[in-house]
Amino acid sequence: MHDIRAIRENPAAFDAAMAKLGISDASSELLSVDEARRAAIQVAETMKAAGNAAAKEIGAAKAAGDDEAFNRLRAEVADTKKATAEQEQIAKDLDAKLRDLLMSLPNRPYDDVPEGTDENDNVELKRHGTPPTFDFQPKEHFEIKGVKGGMDFETAAKLSGSRFVLMSGAVARVHRALAQFMLDTHTEENGLTETIPPILVRDEAMYGTNQLPKFAEDSYQTREGMWLIPTSEVSLTNIVAGELINEDYLPRRYVAHTNCFRSEAGSAGRDTSGMLRQHQFEKVEMVSITHPTTSDVEHARMTACAEGILERLGLAYRTVVLCTGDMGFGARRTHDIEVWLPGQDTYREISSVSTCGDFQARRMNARFRGEDGKPQFVHTLNGSGLAVGRCLIAVLENGQTEDGGVNLPEALTPWLGGKTRITPEGTLA
RNA sequence: GGAGAGGUGGCCGAGUGGUCGAAGGCGCACGCCUGGAAAGUGUGUAGGCGGGAAACCGUCUCCAGGGUUCGAAUCCCUGUCUCUCCGCCA
């Protein structure tokens with residue numbers, strides 16, 4: 001959510017930033033509602049002040065035993081009471097309207113974010129590792145002989161429909177090992193706090209991290225009205241919702257391994273084969289709550305944490321900064337990390353690391369007490385570290401051998417009980 | 001599912017119709033004390049919104065929304081959340 005005062009002070013800067021997102025003249029309606037709202041507040045408060053003063057006089061008259069004055073003042077107050085209430089309602093409605101307008105606008109990109117319309121305008125920041133070469137035609141993950149038996153889409157469809165998978169045996173084990181490896185690395189080496197959060201949340205949490213009100217159709221809701229999280233960013237970021245915390249509590253760094261649920265409402269027909277895009281998937285998510293002055297450094301740090309996982313696994317990747325047209329609703333800057341998938345002969349997103357500035361903090365009302373003793377909004381960041389299912393795909397495709405087996409990354413060995421390979425028969429060896 | 005209790009400031013906790021934005025404690029800030037620290041001690045310390053260059057002023061807020069009343073943290077209604085006991089259950 002945006003700061004109406006900042007917009008009021010410099011509407012041109014705000015409009016220029018929003019124009020980069022293709023939203024023209026964003027400030028004019030905001031400012032006119034704001035002006036009406038402030039005028040209404042002024043009127044309402046003046047009326048209210050008069051009423052309060054009268055109430056005091058009435059009390060004094062009563063105490064003095066002056067019945068004549070008491071009754072006269074009572075009648076006066078009764079006359080203006082209704083008008084005051086109406087005026088207050090007007091002010092309240094305008095305030096709610098302004099809030100709704102502010103809530104529905106996306107965050108403004110930082111100045112260093114490249115302008116563009118879609119993913120083709122994203123700018124590469126970094127390329128790490130070399131895509132492996134094969135002396136045979138590398139397959140997609142679900143075509144690899146040793147993998148097929150442990151990655152069953154038909155049975156999953158019987159249970160749940162399309163975009164679900166039933167993993168078993170070696171594939172399931174490698175998937176689990178990956179998640180554990182990520183979690184252990186983040187907690188033991190990157191200093192993140194391991195967390196097991198609820199994955200079913202209330203409306204308020206979904207508002208806080210901007211899934212609501214605009215993107216309700218992307219998530220699943222229970223009969224009771226709770227939401228299955230589309231990412232544990234929701235649970236982790238909202239830890240500080242409504243809090244006024246001590247400055248020395250910052251930064252706060254969380255990591256969680258959870259299931260995530262997405263309806264994929266807008267992506268019919270995309271990535272329909274394999275387990276690249278599922279309704280249910282596992283993700284190791286990182287969230288940082290920081291002081292405003294350190295969020296940029298934190299953004300780089302978090303990106304490095306995610307990249308480090310791929311580096312240890314020996315996977316080639318590239319990191320891009322998303323252009324204005326490709327960014328999500330709440331982000332001020334987003335780094336996407338794309339891993340090399342030999343089966344698709346391309347880089348595919350495996351992590352997205354965003355800094356949101358105070359955008360979510362305003363929505364959540366998450367503050368800390370600053371140097372001057374005044375509350376300020378915290379900054380929030382989130383990033384995948386990494387998407388476990390997609391990481392599994394990368395490991396399988398990059399490690400595949402001509403016989404249909406898979407050589408697994410050395411870094412994973414401790415989490416696989418010393419095993420290093422999936423055989424063409426689908427067993428761990 | 002049944003029964004009950006309760007939501008007060010950054011935190012804990014008093015307060016059952018006015019003089020209450022709210023005692024007291026903790027925490028925090030500044031000072032005194034000290035060689036330095038701890039302890040002790042003094043003073044200060046809620047937030048939102050609106051106005052104002054500022055000082056400051058107004059207004060709202062004791063879970064939320066309604067109601068009673070001249071006046072509500074306090075009484076009534078509804079909602080919501082939390083906790084306890086019983087039942088069921090991983």
# chains A, B, ... in the order shown; residues from 1 in each chain; ligands from 1
$ interface_residues --of "chain B" --to "chain A" --cutoff "7 Å" --atoms "only C-alpha atoms (C1' of nucleotides)" --output "list in words"
G10, G50, U59, C70 and G71 of chain B
$ select_by_dssp --residues "range 119-343 of chain A" --states "strand (DSSP E or B)" --output "number ranges by chain"
A: 123-128, 151-152, 166-167, 193-195, 200-201, 220-221, 227-228, 244-245, 252-261, 280-290, 317-321, 333-341
$ atom_distance --atom1 "CA of Gln87 in chain A" --atom2 "C1' of G51 in chain B"
17.8 Å
$ closest_residue --among "A:Ile350, A:Gln400, A:Pro109, A:Ala36" --to "Asp15 in chain A" --atoms "only C-alpha atoms"
A:Pro109
$ closest_residue --among "B:A14, B:A37, B:A5, B:C30" --to "C85 in chain B" --atoms "only C-alpha atoms (C1' of nucleotides)"
B:A5
$ residues_around --residues "Leu322 in chain A" --least-positions-apart "3" --cutoff "10 Å" --atoms "only C-alpha atoms (C1' of nucleotides)" --output "list of chain:residue names"
A:Val113, A:Pro114, A:Glu115, A:Gly116, A:Asp118, A:Glu119, A:Asn120, A:Asp121, A:Asn122, A:Val123, A:Glu124, A:Thr319, A:Gly325, A:Asp326, A:Met327, A:Gly328, A:Arg333, A:Thr334, A:His335, A:Asp336, A:Ser352, A:Ser354
$ residues_around --residues "Gly405 in chain A" --least-positions-apart "2" --cutoff "12 Å" --atoms "only C-alpha atoms (C1' of nucleotides)" --output "PyMOL selection string"
chain A and resi 138-139+141+143-148+170-171+395-403+407-408+420-429
$ select_by_dssp --residues "range 125-339 of chain A" --states "helix (DSSP H, G or I)" --output "PyMOL selection string"
chain A and resi 141-143+145-148+153-160+169-188+203-208+216-218+233-240+247-249+292-312+324-326
$ atom_distance --atom1 "CA of Leu21 in chain A" --atom2 "CA of Arg108 in chain A"
7.9 Å
$ residues_around --residues "Leu125 in chain A" --least-positions-apart "4" --cutoff "8 Å" --atoms "only C-alpha atoms (C1' of nucleotides)" --output "PyMOL selection string"
chain A and resi 318-321
$ residues_around --residues "Gly208 in chain A" --least-positions-apart "5" --cutoff "12 Å" --atoms "only C-alpha atoms (C1' of nucleotides)" --output "number ranges by chain"
A: 1, 103, 201-203, 213, 233-242, 330, 356, 358-366, 380
$ residues_around --residues "C77 in chain B" --least-positions-apart "4" --cutoff "12 Å" --atoms "only C-alpha atoms (C1' of nucleotides)" --output "PyMOL selection string"
chain B and resi 65-68
$ atom_distance --atom1 "CA of Leu105 in chain A" --atom2 "CA of Phe329 in chain A"
8.0 Å
$ closest_residue --among "B:C60, B:G7, B:C89, B:U16" --to "Glu88 in chain A" --atoms "only C-alpha atoms (C1' of nucleotides)"
B:C60
